[in-house]
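Participant: So I've got this file, work_19.cif, and it contains mmCIF, C-alpha atoms and all ligand atoms:
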```
data_input
loop_
_atom_site.label_atom_id
_atom_site.label_comp_id
_atom_site.auth_asym_id
_atom_site.auth_seq_id
_atom_site.Cartn_x
_atom_site.Cartn_y
_atom_site.Cartn_z
CA MET A 1 0.00 0.00 0.00
CA THR A 2 1.28 3.42 -0.87
CA THR A 3 1.52 6.28 1.54
CA HIS A 4 0.55 9.85 0.92
CA GLU A 5 4.26 10.75 0.85
CA ASP A 6 4.99 8.20 -1.93
CA LEU A 7 2.69 10.15 -4.25
CA ALA A 8 3.75 13.65 -3.17
CA LEU A 9 3.65 15.75 -6.32
CA HIS A 10 7.12 17.24 -5.89
CA ARG A 11 8.55 13.76 -6.56
CA PHE A 12 7.27 13.65 -10.15
CA ARG A 13 7.90 15.62 -13.31
CA ARG A 14 5.91 13.68 -15.89
CA ILE A 15 2.62 12.30 -14.70
CA VAL A 16 0.12 10.45 -16.89
CA PHE A 17 -3.48 9.82 -15.91
CA PHE A 18 -4.81 6.92 -17.98
CA THR A 19 -8.58 6.99 -17.63
CA GLY A 20 -11.67 5.00 -18.53
CA ALA A 21 -15.40 4.92 -18.04
CA GLY A 22 -15.19 4.26 -14.29
CA LEU A 23 -13.94 7.82 -13.84
CA SER A 24 -17.17 9.21 -15.26
CA ALA A 25 -19.35 6.67 -13.46
CA GLU A 26 -19.31 9.00 -10.46
CA CYS A 27 -20.88 11.70 -12.63
CA GLY A 28 -23.82 9.40 -13.31
CA LEU A 29 -22.72 8.00 -16.67
CA PRO A 30 -22.88 4.25 -17.15
CA THR A 31 -19.70 2.26 -17.76
CA TYR A 32 -19.53 -0.14 -20.70
CA ARG A 33 -19.08 -3.41 -18.83
CA GLY A 34 -20.15 -4.78 -15.49
CA LYS A 35 -23.36 -3.96 -13.64
CA GLY A 36 -25.48 -1.45 -15.57
CA GLY A 37 -22.89 -1.38 -18.38
CA ILE A 38 -23.97 -0.11 -21.80
CA TRP A 39 -22.92 -3.28 -23.62
CA GLY A 40 -25.12 -5.30 -21.28
CA SER A 41 -28.21 -3.54 -22.69
CA TYR A 42 -27.08 -2.70 -26.21
CA ASP A 43 -25.32 -4.93 -28.71
CA TRP A 44 -22.38 -2.94 -30.06
CA GLN A 45 -22.88 -4.66 -33.41
CA ASP A 46 -26.15 -2.74 -33.73
CA TYR A 47 -24.94 0.63 -32.36
CA ALA A 48 -21.19 1.02 -32.33
CA CYS A 49 -19.52 -0.06 -35.55
CA GLN A 50 -19.37 1.23 -39.09
CA ARG A 51 -21.34 -1.79 -40.33
CA ALA A 52 -24.26 -0.86 -38.07
CA PHE A 53 -24.05 2.76 -39.22
CA ASP A 54 -24.05 1.76 -42.90
CA ARG A 55 -27.08 -0.46 -42.26
CA ASP A 56 -29.15 1.98 -40.23
CA PRO A 57 -27.57 5.40 -39.61
CA GLU A 58 -30.74 6.86 -38.04
CA LYS A 59 -30.80 4.16 -35.36
CA VAL A 60 -27.12 4.65 -34.59
CA TRP A 61 -27.60 8.43 -34.41
CA GLU A 62 -30.54 8.07 -32.02
CA PHE A 63 -28.30 6.05 -29.71
CA HIS A 64 -25.54 8.64 -29.91
CA ASP A 65 -27.90 11.60 -29.55
CA GLU A 66 -29.07 10.06 -26.29
CA ARG A 67 -25.45 9.59 -25.18
CA ARG A 68 -24.69 13.22 -26.03
CA ARG A 69 -27.74 14.31 -24.08
CA ARG A 70 -26.65 12.36 -20.99
CA MET A 71 -22.99 13.34 -21.25
CA GLY A 72 -23.89 16.99 -21.69
CA ALA A 73 -26.21 16.94 -18.69
CA VAL A 74 -23.69 15.80 -16.08
CA GLU A 75 -20.91 17.70 -14.32
CA PRO A 76 -17.27 16.62 -13.99
CA SER A 77 -16.55 14.72 -10.79
CA GLN A 78 -14.23 15.60 -7.93
CA ALA A 79 -11.70 13.22 -9.54
CA HIS A 80 -11.83 15.09 -12.86
CA ARG A 81 -11.19 18.33 -10.98
CA ILE A 82 -8.33 16.92 -8.94
CA ILE A 83 -6.67 15.65 -12.14
CA ALA A 84 -6.94 19.13 -13.67
CA GLU A 85 -5.45 20.62 -10.49
CA VAL A 86 -2.51 18.19 -10.59
CA GLN A 87 -1.92 19.31 -14.16
CA ARG A 88 -1.86 22.96 -13.09
CA ARG A 89 0.75 22.16 -10.43
CA VAL A 90 2.93 19.69 -12.34
CA ALA A 91 3.46 21.09 -15.83
CA GLY A 92 4.46 17.76 -17.36
CA THR A 93 1.11 16.13 -16.60
CA LYS A 94 -0.76 14.55 -19.49
CA ILE A 95 -4.08 12.81 -19.71
CA VAL A 96 -4.71 9.79 -21.89
CA THR A 97 -8.35 8.85 -21.90
CA GLN A 98 -10.55 6.25 -23.49
CA ASN A 99 -13.55 8.38 -22.60
CA ILE A 100 -15.43 10.29 -25.28
CA ASP A 101 -17.43 12.51 -22.91
CA GLY A 102 -15.15 15.59 -22.79
CA LEU A 103 -15.39 15.77 -18.98
CA HIS A 104 -11.63 16.16 -18.45
CA GLN A 105 -11.66 19.34 -20.54
CA ARG A 106 -14.80 20.62 -18.82
CA ALA A 107 -12.99 20.22 -15.48
CA GLY A 108 -10.23 22.48 -16.81
CA ALA A 109 -7.71 19.90 -18.05
CA THR A 110 -5.63 20.45 -21.16
CA ASP A 111 -3.39 18.14 -23.16
CA VAL A 112 -5.93 15.33 -23.26
CA SER A 113 -5.29 12.51 -25.75
CA GLU A 114 -8.69 11.09 -26.59
CA LEU A 115 -7.82 7.60 -27.77
CA HIS A 116 -11.39 6.80 -28.73
CA GLY A 117 -12.32 10.22 -30.10
CA SER A 118 -15.02 12.54 -28.82
CA VAL A 119 -18.77 12.42 -28.92
CA TRP A 120 -18.60 16.21 -29.33
CA ARG A 121 -16.99 15.99 -32.77
CA ILE A 122 -18.56 14.78 -35.98
CA ARG A 123 -17.15 14.04 -39.36
CA CYS A 124 -18.23 13.52 -42.96
CA ASP A 125 -16.38 13.43 -46.27
CA CYS A 126 -15.82 17.23 -46.41
CA PRO A 127 -12.49 18.69 -45.36
CA PRO A 128 -11.51 19.26 -42.58
CA ARG A 129 -13.49 16.10 -41.84
CA ALA A 130 -13.79 16.26 -38.03
CA VAL A 131 -15.42 19.36 -36.55
CA GLU A 132 -16.71 20.23 -33.09
CA ASN A 133 -20.48 19.96 -32.79
CA ARG A 134 -22.42 20.28 -29.54
CA GLU A 135 -25.98 20.18 -30.84
CA VAL A 136 -28.25 17.81 -28.93
CA PRO A 137 -29.84 16.26 -30.86
CA ILE A 138 -27.57 16.77 -33.80
CA GLY A 139 -29.25 19.01 -36.40
CA ALA A 140 -28.64 17.70 -39.91
CA ARG A 141 -27.58 14.07 -39.86
CA ARG A 142 -26.43 14.47 -43.45
CA CYS A 143 -23.84 17.12 -44.25
CA PRO A 144 -25.53 20.05 -46.05
CA ALA A 145 -22.35 20.61 -48.10
CA CYS A 146 -21.31 17.13 -49.30
CA GLY A 147 -24.55 15.21 -48.69
CA THR A 148 -22.87 12.26 -46.96
CA TRP A 149 -23.91 11.00 -43.53
CA ARG A 150 -22.11 12.70 -40.67
CA ARG A 151 -20.92 10.28 -38.04
CA PRO A 152 -19.60 10.77 -34.52
CA ASP A 153 -15.82 11.20 -34.57
CA ILE A 154 -15.33 8.32 -32.18
CA VAL A 155 -13.48 5.05 -32.55
CA TRP A 156 -16.14 2.39 -32.88
CA PHE A 157 -15.45 -1.32 -32.66
CA GLU A 158 -13.50 -2.48 -35.76
CA ASP A 159 -12.44 1.11 -36.60
CA PRO A 160 -8.76 1.93 -36.90
CA MET A 161 -7.32 4.01 -34.08
CA GLN A 162 -6.80 7.70 -34.80
CA PRO A 163 -3.04 8.23 -35.25
CA ALA A 164 -2.58 11.61 -33.51
CA PRO A 165 -3.92 10.71 -30.03
CA ILE A 166 -2.27 7.32 -30.01
CA GLU A 167 1.09 8.80 -30.98
CA ALA A 168 0.76 11.47 -28.29
CA ALA A 169 -0.22 8.81 -25.76
CA ILE A 170 2.75 6.60 -26.61
CA ALA A 171 5.12 9.56 -26.29
CA ALA A 172 3.65 10.64 -22.94
CA ILE A 173 3.50 7.18 -21.39
CA SER A 174 6.97 6.21 -22.63
CA GLU A 175 8.55 9.04 -20.71
CA CYS A 176 6.40 9.33 -17.59
CA ASP A 177 7.63 8.79 -14.05
CA LEU A 178 4.16 8.20 -12.58
CA LEU A 179 1.19 6.57 -14.30
CA ILE A 180 -2.17 6.42 -12.59
CA SER A 181 -4.77 4.27 -14.30
CA ILE A 182 -8.29 5.05 -13.18
CA GLY A 183 -11.56 3.31 -13.93
CA THR A 184 -10.71 1.11 -16.87
CA SER A 185 -11.35 -2.60 -17.21
CA GLY A 186 -8.18 -3.03 -19.30
CA VAL A 187 -9.81 -5.30 -21.84
CA VAL A 188 -10.05 -3.09 -24.93
CA PHE A 189 -6.92 -3.16 -27.05
CA PRO A 190 -4.78 -1.51 -28.23
CA ALA A 191 -5.57 1.13 -25.57
CA ALA A 192 -5.31 -1.37 -22.73
CA ASP A 193 -1.74 -2.19 -23.68
CA LEU A 194 -0.38 1.35 -23.43
CA PRO A 195 0.32 1.44 -19.66
CA ARG A 196 2.82 -1.38 -20.23
CA LEU A 197 5.15 1.25 -21.71
CA ALA A 198 5.26 2.96 -18.33
CA VAL A 199 5.94 -0.34 -16.60
CA GLN A 200 8.83 -1.02 -18.99
CA ARG A 201 10.24 2.43 -18.29
CA GLY A 202 10.21 1.80 -14.55
CA ALA A 203 7.62 4.45 -13.72
CA LEU A 204 5.60 4.13 -10.55
CA CYS A 205 2.34 2.57 -11.78
CA VAL A 206 -0.85 2.88 -9.73
CA GLU A 207 -4.20 1.29 -10.53
CA VAL A 208 -7.31 2.90 -9.06
CA ASN A 209 -10.29 0.61 -9.52
CA PRO A 210 -12.73 -0.93 -7.04
CA GLU A 211 -12.16 -4.23 -8.85
CA GLU A 212 -9.19 -6.26 -9.99
CA THR A 213 -8.61 -6.23 -13.76
CA PRO A 214 -6.80 -8.59 -16.15
CA VAL A 215 -3.88 -6.12 -16.19
CA SER A 216 -3.68 -5.50 -12.43
CA ASP A 217 -0.39 -7.41 -12.26
CA TRP A 218 1.34 -4.64 -14.19
CA TYR A 219 0.80 -2.19 -11.35
CA SER A 220 2.91 -2.03 -8.23
CA VAL A 221 0.24 -0.11 -6.30
CA HIS A 222 -3.45 -1.06 -6.27
CA VAL A 223 -6.05 1.22 -4.77
CA ARG A 224 -9.32 -0.66 -4.59
CA GLY A 225 -11.66 2.27 -4.25
CA PRO A 226 -13.69 4.74 -6.27
CA ALA A 227 -11.91 7.41 -8.27
CA SER A 228 -12.78 10.61 -6.39
CA ALA A 229 -12.24 9.33 -2.86
CA SER A 230 -8.99 7.66 -3.90
CA LEU A 231 -7.51 10.77 -5.54
CA ALA A 232 -8.67 12.99 -2.68
CA GLY A 233 -6.86 10.56 -0.38
CA PHE A 234 -3.63 10.85 -2.39
CA TRP A 235 -3.62 14.66 -2.37
CA PRO A 236 -5.90 16.06 0.33
CA GLU A 237 -4.25 19.46 -0.10
CA LEU A 238 -5.52 19.71 -3.70
CA ASP A 239 -9.06 19.03 -2.70
CA ALA A 240 -8.87 21.63 0.05
CA ALA A 241 -7.42 24.18 -2.42
CA ARG A 242 -10.15 23.44 -4.92
CA GLU A 243 -12.90 23.78 -2.35
CA SER A 244 -11.61 27.06 -0.99
CA ALA A 245 -11.33 28.41 -4.57
CA ALA A 246 -14.89 27.30 -5.28
CA GLY A 247 -16.10 28.93 -2.10
CA ALA A 248 -14.20 32.18 -2.68
CA GLY A 249 -17.08 33.86 -4.49
CA ASP A 250 -19.77 32.90 -1.94
N1 LIG B 301 -14.03 4.57 -9.72
C1 LIG B 301 -13.06 3.90 -10.39
N2 LIG B 301 -13.32 2.83 -11.20
C2 LIG B 301 -14.59 2.44 -11.34
C3 LIG B 301 -15.65 3.09 -10.67
C4 LIG B 301 -15.33 4.19 -9.83
N3 LIG B 301 -16.27 4.88 -9.14
N4 LIG B 301 -16.81 2.47 -11.02
C5 LIG B 301 -16.48 1.48 -11.86
N5 LIG B 301 -15.14 1.45 -12.05
C6 LIG B 301 -14.36 0.56 -12.91
C7 LIG B 301 -14.93 -0.84 -13.10
O1 LIG B 301 -14.53 -1.71 -12.06
C8 LIG B 301 -14.35 -1.23 -14.47
O2 LIG B 301 -13.10 -1.90 -14.30
O3 LIG B 301 -14.34 1.12 -14.21
C9 LIG B 301 -14.12 0.09 -15.16
C10 LIG B 301 -15.01 0.36 -16.36
O4 LIG B 301 -14.71 -0.55 -17.37
P1 LIG B 301 -15.37 -0.45 -18.82
O5 LIG B 301 -16.83 -0.26 -18.70
O6 LIG B 301 -14.91 -1.61 -19.61
O7 LIG B 301 -14.76 0.94 -19.39
P2 LIG B 301 -13.43 1.18 -20.19
O8 LIG B 301 -12.31 0.36 -19.67
O9 LIG B 301 -13.24 2.65 -20.24
O10 LIG B 301 -13.81 0.66 -21.63
C11 LIG B 301 -12.87 0.73 -22.66
O11 LIG B 301 -14.52 -0.02 -24.21
O12 LIG B 301 -16.47 -0.16 -25.53
C12 LIG B 301 -15.38 0.50 -25.18
O13 LIG B 301 -14.81 2.35 -26.41
C13 LIG B 301 -15.33 1.98 -25.15
O14 LIG B 301 -13.56 3.39 -24.34
C14 LIG B 301 -14.37 2.27 -24.03
C15 LIG B 301 -13.56 0.99 -23.96
#
```
Turn the structure described in the file into structure tokens.

Facilitator:
Amino acid sequence: MTTHEDLALHRFRRIVFFTGAGLSAECGLPTYRGKGGIWGSYDWQDYACQRAFDRDPEKVWEFHDERRRRMGAVEPSQAHRIIAEVQRRVAGTKIVTQNIDGLHQRAGATDVSELHGSVWRIRCDCPPRAVENREVPIGARRCPACGTWRRPDIVWFEDPMQPAPIEAAIAAISECDLLISIGTSGVVFPAADLPRLAVQRGALCVEVNPEETPVSDWYSVHVRGPASASLAGFWPELDAARESAAGAGD
């Protein structure tokens, strides 16, 4: 078990937070697997692959419009805010996320590599292809300029990974001195493999997850708790700073 002193921020120059759906579970968004997981109620082959979209784009858009509505309606969690605060204090902090909900950025984080894209971007065949779009529901499902179906700019099952975020993630993880994985089941590849680069480098690797995962053995520190309480336990001073800042205008 780690102590508070082991994770003192002054000890690290390059921190990576590697995050998954469990981080946003505390905001009220469902995870993908496990109890209440999205793929327990919806078959990804009908909602989350290009083949499904080609077959029935309206059905796939209805599913994603509902996800956008839910993701837009929640607030970032305490854990999202603590991660952003760590980034403000340790300049070399980067975030590598599998989440598509944009909650890291809404909590004030920058330098976020979105391995699986963002539900808040769409793309069609027009240049520049992917553009930000926050309409809920999305207005025109077909692009008014090129006439092709717009699709969410997210990495569905069977899609290739997007090169830019994966390259940024590999660079960040390969040179980090602390990697904290939070709320990911570690079963979706290639994303799940990335933390291994930090292990190979000899970084301190911490897994925050209430449950054991198939990749738990890679980590030297396991914190079997929920994201927000665990991070607040690592750095109580950050939480106190955040709360006093939030209360400053009262
Ligand atoms: N705090 C931390 N972890 C939590 C919490 C919590 N409060 N609640 C649940 N978890 C953990 C679960 O124990 C589980 O290991 O979060 C994990 C969620 O796993 P998944 O639902 O599989 O999410 P994720 O790993 O992000 O999925 C990877 O799969 O379908 C895709 O593209 C989708 O990016 C997603 C990818």

Participant: May I ask for the distance between CA of Gly233 in chain A and CA of Ser113 in chain A, given in Å to one decimal place?

Facilitator: 25.5 Å

Participant: Write out as a PyMOL selection string each polymer residue (protein, DNA or RNA) that has an atom no more than 9 Å from ligand LIG 301 (chain B), with all atoms listed in the file counted.

Facilitator: chain A and resi 19-27+30-35+37-39+44+48+79+97-100+115-116+154-157+182-189+191-192+208-213+224-230

Participant: Find the residues with any atom within 12 Å of (-4.3, 7.1, -34.1); use only C-alpha atoms and the coordinates as given in the file, and write the answer as JSON, numbers by chain.

Facilitator: {"A": [113, 114, 115, 116, 117, 154, 155, 159, 160, 161, 162, 163, 164, 165, 166, 167, 168, 169, 170, 190, 191]}

Participant: Pick from A:Glu158, A:Trp120, A:Arg69, A:Val136: nearest to Ala52 in chain A, with all atoms listed in the file counted?

Facilitator: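 Under the stated criterion, the closest residue is A:Glu158.
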
Participant: Given the choices A:Pro236, A:Pro152, A:Gly92, A:Gly147, which gets closest to Arg121 in chain A if the distance is worked out from only C-alpha atoms?

Facilitator: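 Under the stated criterion, the closest residue is A:Pro152.
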
Participant: Under the rule that all atoms listed in the file are counted, which of A:His64, A:Ile173, A:Arg13, A:Asp43 is the nearest residue to Glu135 in chain A?

Facilitator: A:His64

Participant: May I ask which of the residues A:Ala107, A:Val112, A:Val16, A:Cys143 is the closest one to Leu194 in chain A, counting only C-alpha atoms?

Facilitator: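 Result for the nearest residue to Leu194 in chain A: A:Val16.
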
Participant: Residues at most 12 Å from Arg89 in chain A, counting all atoms listed in the file, excluding those fewer than 2 positions away in the same chain, as a ChimeraX atom specification?

Facilitator: /A:8-10,12-15,82-87,91-94,109,235,237-238,241

Participant: Give me a file of those residues, with C-alpha atoms, as a CSV table (one decimal), in the coordinates of the input.

Facilitator:
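Done, and the output landed in out.csv:
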```csv
chain,number,residue,atom,x,y,z
A,8,ALA,CA,3.8,13.6,-3.2
A,9,LEU,CA,3.6,15.8,-6.3
A,10,HIS,CA,7.1,17.2,-5.9
A,12,PHE,CA,7.3,13.6,-10.2
A,13,ARG,CA,7.9,15.6,-13.3
A,14,ARG,CA,5.9,13.7,-15.9
A,15,ILE,CA,2.6,12.3,-14.7
A,82,ILE,CA,-8.3,16.9,-8.9
A,83,ILE,CA,-6.7,15.6,-12.1
A,84,ALA,CA,-6.9,19.1,-13.7
A,85,GLU,CA,-5.4,20.6,-10.5
A,86,VAL,CA,-2.5,18.2,-10.6
A,87,GLN,CA,-1.9,19.3,-14.2
A,91,ALA,CA,3.5,21.1,-15.8
A,92,GLY,CA,4.5,17.8,-17.4
A,93,THR,CA,1.1,16.1,-16.6
A,94,LYS,CA,-0.8,14.6,-19.5
A,109,ALA,CA,-7.7,19.9,-18.0
A,235,TRP,CA,-3.6,14.7,-2.4
A,237,GLU,CA,-4.2,19.5,-0.1
A,238,LEU,CA,-5.5,19.7,-3.7
A,241,ALA,CA,-7.4,24.2,-2.4
```

Participant: Of the candidates A:Thr148, A:Ile138, A:Phe53, A:Gly108, which shows the shortest atom-to-atom distance to Cys126 in chain A, using all atoms listed in the file?

Facilitator: A:Thr148

Participant: Write out as a list in words the residues lying within 8 Å of Cys124 in chain A, counting all atoms listed in the file and excluding same-chain residues fewer than 2 positions away.

Facilitator: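 Here the answer would be Ile122, Cys126, Arg129, Ala130, Cys143, Cys146, Thr148, Trp149, Arg150 and Arg151 of chain A.
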
Participant: For CA of Ala171 in chain A and CA of Ser220 in chain A, determine how far apart the two atoms are, in Å to one decimal place.

Facilitator: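 Atom-to-atom, CA of Ala171 in chain A and CA of Ser220 in chain A are spaced 21.6 Å apart.
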
Participant: Just the residues within 12 Å of Ala203 in chain A, please, counting all atoms listed in the file, with nothing from its chain fewer than 3 positions along; format it as a PyMOL selection string.

Facilitator: chain A and resi 11-16+172-180+195-200+206+218-221

Participant: Output: range 210-221 of chain A of the preceding structure, restricted to all heavy atoms, written as a PDB file, in the first residue's frame.

Facilitator:
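Below is the file result.pdb, written as the result:
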```
ATOM      1  N   PRO A 210     -12.164  -0.128  -8.138  1.00  0.00           N
ATOM      2  CA  PRO A 210     -12.733  -0.927  -7.040  1.00  0.00           C
ATOM      3  C   PRO A 210     -12.529  -2.420  -7.268  1.00  0.00           C
ATOM      4  O   PRO A 210     -12.572  -3.200  -6.325  1.00  0.00           O
ATOM      5  CB  PRO A 210     -14.236  -0.587  -7.071  1.00  0.00           C
ATOM      6  CG  PRO A 210     -14.360   0.645  -7.896  1.00  0.00           C
ATOM      7  CD  PRO A 210     -13.170   0.696  -8.815  1.00  0.00           C
ATOM      8  N   GLU A 211     -12.296  -2.799  -8.548  1.00  0.00           N
ATOM      9  CA  GLU A 211     -12.164  -4.229  -8.855  1.00  0.00           C
ATOM     10  C   GLU A 211     -10.814  -4.541  -9.470  1.00  0.00           C
ATOM     11  O   GLU A 211     -10.200  -3.682 -10.108  1.00  0.00           O
ATOM     12  CB  GLU A 211     -13.259  -4.643  -9.843  1.00  0.00           C
ATOM     13  CG  GLU A 211     -14.636  -4.544  -9.241  1.00  0.00           C
ATOM     14  CD  GLU A 211     -15.732  -4.844 -10.232  1.00  0.00           C
ATOM     15  OE1 GLU A 211     -15.432  -5.406 -11.302  1.00  0.00           O
ATOM     16  OE2 GLU A 211     -16.879  -4.496  -9.926  1.00  0.00           O
ATOM     17  N   GLU A 212     -10.407  -5.790  -9.305  1.00  0.00           N
ATOM     18  CA  GLU A 212      -9.195  -6.258  -9.990  1.00  0.00           C
ATOM     19  C   GLU A 212      -9.481  -6.325 -11.490  1.00  0.00           C
ATOM     20  O   GLU A 212     -10.634  -6.511 -11.904  1.00  0.00           O
ATOM     21  CB  GLU A 212      -8.871  -7.662  -9.466  1.00  0.00           C
ATOM     22  CG  GLU A 212      -7.475  -8.089  -9.770  1.00  0.00           C
ATOM     23  CD  GLU A 212      -7.129  -9.411  -9.081  1.00  0.00           C
ATOM     24  OE1 GLU A 212      -7.702  -9.687  -8.008  1.00  0.00           O
ATOM     25  OE2 GLU A 212      -6.305 -10.130  -9.642  1.00  0.00           O
ATOM     26  N   THR A 213      -8.445  -6.142 -12.300  1.00  0.00           N
ATOM     27  CA  THR A 213      -8.614  -6.228 -13.758  1.00  0.00           C
ATOM     28  C   THR A 213      -7.605  -7.237 -14.317  1.00  0.00           C
ATOM     29  O   THR A 213      -6.658  -7.618 -13.616  1.00  0.00           O
ATOM     30  CB  THR A 213      -8.367  -4.859 -14.432  1.00  0.00           C
ATOM     31  OG1 THR A 213      -6.959  -4.575 -14.359  1.00  0.00           O
ATOM     32  CG2 THR A 213      -9.153  -3.740 -13.783  1.00  0.00           C
ATOM     33  N   PRO A 214      -7.766  -7.629 -15.576  1.00  0.00           N
ATOM     34  CA  PRO A 214      -6.802  -8.591 -16.153  1.00  0.00           C
ATOM     35  C   PRO A 214      -5.385  -8.042 -16.219  1.00  0.00           C
ATOM     36  O   PRO A 214      -4.448  -8.799 -16.389  1.00  0.00           O
ATOM     37  CB  PRO A 214      -7.346  -8.830 -17.570  1.00  0.00           C
ATOM     38  CG  PRO A 214      -8.756  -8.365 -17.545  1.00  0.00           C
ATOM     39  CD  PRO A 214      -8.880  -7.329 -16.483  1.00  0.00           C
ATOM     40  N   VAL A 215      -5.228  -6.700 -16.100  1.00  0.00           N
ATOM     41  CA  VAL A 215      -3.880  -6.116 -16.186  1.00  0.00           C
ATOM     42  C   VAL A 215      -3.384  -5.621 -14.822  1.00  0.00           C
ATOM     43  O   VAL A 215      -2.365  -4.935 -14.747  1.00  0.00           O
ATOM     44  CB  VAL A 215      -3.817  -4.978 -17.239  1.00  0.00           C
ATOM     45  CG1 VAL A 215      -4.081  -5.537 -18.637  1.00  0.00           C
ATOM     46  CG2 VAL A 215      -4.786  -3.849 -16.914  1.00  0.00           C
ATOM     47  N   SER A 216      -4.079  -5.978 -13.765  1.00  0.00           N
ATOM     48  CA  SER A 216      -3.683  -5.497 -12.431  1.00  0.00           C
ATOM     49  C   SER A 216      -2.234  -5.842 -12.092  1.00  0.00           C
ATOM     50  O   SER A 216      -1.555  -5.080 -11.401  1.00  0.00           O
ATOM     51  CB  SER A 216      -4.605  -6.075 -11.351  1.00  0.00           C
ATOM     52  OG  SER A 216      -5.892  -5.513 -11.431  1.00  0.00           O
ATOM     53  N   ASP A 217      -1.756  -6.973 -12.591  1.00  0.00           N
ATOM     54  CA  ASP A 217      -0.387  -7.408 -12.261  1.00  0.00           C
ATOM     55  C   ASP A 217       0.676  -6.421 -12.719  1.00  0.00           C
ATOM     56  O   ASP A 217       1.792  -6.442 -12.208  1.00  0.00           O
ATOM     57  CB  ASP A 217      -0.077  -8.756 -12.935  1.00  0.00           C
ATOM     58  CG  ASP A 217      -0.757  -9.890 -12.215  1.00  0.00           C
ATOM     59  OD1 ASP A 217      -1.358  -9.628 -11.157  1.00  0.00           O
ATOM     60  OD2 ASP A 217      -0.699 -11.029 -12.720  1.00  0.00           O
ATOM     61  N   TRP A 218       0.351  -5.605 -13.700  1.00  0.00           N
ATOM     62  CA  TRP A 218       1.342  -4.641 -14.190  1.00  0.00           C
ATOM     63  C   TRP A 218       1.638  -3.559 -13.153  1.00  0.00           C
ATOM     64  O   TRP A 218       2.676  -2.908 -13.214  1.00  0.00           O
ATOM     65  CB  TRP A 218       0.831  -3.911 -15.445  1.00  0.00           C
ATOM     66  CG  TRP A 218       0.621  -4.785 -16.636  1.00  0.00           C
ATOM     67  CD1 TRP A 218       1.009  -6.093 -16.785  1.00  0.00           C
ATOM     68  CD2 TRP A 218      -0.025  -4.403 -17.853  1.00  0.00           C
ATOM     69  NE1 TRP A 218       0.636  -6.542 -18.026  1.00  0.00           N
ATOM     70  CE2 TRP A 218       0.006  -5.533 -18.703  1.00  0.00           C
ATOM     71  CE3 TRP A 218      -0.624  -3.231 -18.308  1.00  0.00           C
ATOM     72  CZ2 TRP A 218      -0.547  -5.507 -19.987  1.00  0.00           C
ATOM     73  CZ3 TRP A 218      -1.167  -3.210 -19.582  1.00  0.00           C
ATOM     74  CH2 TRP A 218      -1.132  -4.334 -20.414  1.00  0.00           C
ATOM     75  N   TYR A 219       0.705  -3.348 -12.255  1.00  0.00           N
ATOM     76  CA  TYR A 219       0.800  -2.190 -11.351  1.00  0.00           C
ATOM     77  C   TYR A 219       1.442  -2.602 -10.036  1.00  0.00           C
ATOM     78  O   TYR A 219       1.138  -3.669  -9.494  1.00  0.00           O
ATOM     79  CB  TYR A 219      -0.611  -1.614 -11.117  1.00  0.00           C
ATOM     80  CG  TYR A 219      -1.190  -1.072 -12.400  1.00  0.00           C
ATOM     81  CD1 TYR A 219      -1.872  -1.894 -13.299  1.00  0.00           C
ATOM     82  CD2 TYR A 219      -1.011   0.265 -12.736  1.00  0.00           C
ATOM     83  CE1 TYR A 219      -2.356  -1.401 -14.498  1.00  0.00           C
ATOM     84  CE2 TYR A 219      -1.498   0.770 -13.939  1.00  0.00           C
ATOM     85  CZ  TYR A 219      -2.161  -0.073 -14.811  1.00  0.00           C
ATOM     86  OH  TYR A 219      -2.633   0.422 -16.010  1.00  0.00           O
ATOM     87  N   SER A 220       2.284  -1.704  -9.509  1.00  0.00           N
ATOM     88  CA  SER A 220       2.908  -2.030  -8.229  1.00  0.00           C
ATOM     89  C   SER A 220       2.046  -1.548  -7.072  1.00  0.00           C
ATOM     90  O   SER A 220       2.207  -2.000  -5.948  1.00  0.00           O
ATOM     91  CB  SER A 220       4.315  -1.428  -8.144  1.00  0.00           C
ATOM     92  OG  SER A 220       4.263  -0.052  -8.402  1.00  0.00           O
ATOM     93  N   VAL A 221       1.128  -0.622  -7.360  1.00  0.00           N
ATOM     94  CA  VAL A 221       0.243  -0.113  -6.301  1.00  0.00           C
ATOM     95  C   VAL A 221      -1.203  -0.282  -6.776  1.00  0.00           C
ATOM     96  O   VAL A 221      -1.547   0.109  -7.901  1.00  0.00           O
ATOM     97  CB  VAL A 221       0.522   1.380  -6.018  1.00  0.00           C
ATOM     98  CG1 VAL A 221      -0.442   1.919  -4.965  1.00  0.00           C
ATOM     99  CG2 VAL A 221       1.968   1.579  -5.572  1.00  0.00           C
TER     100      VAL A 221
END
```
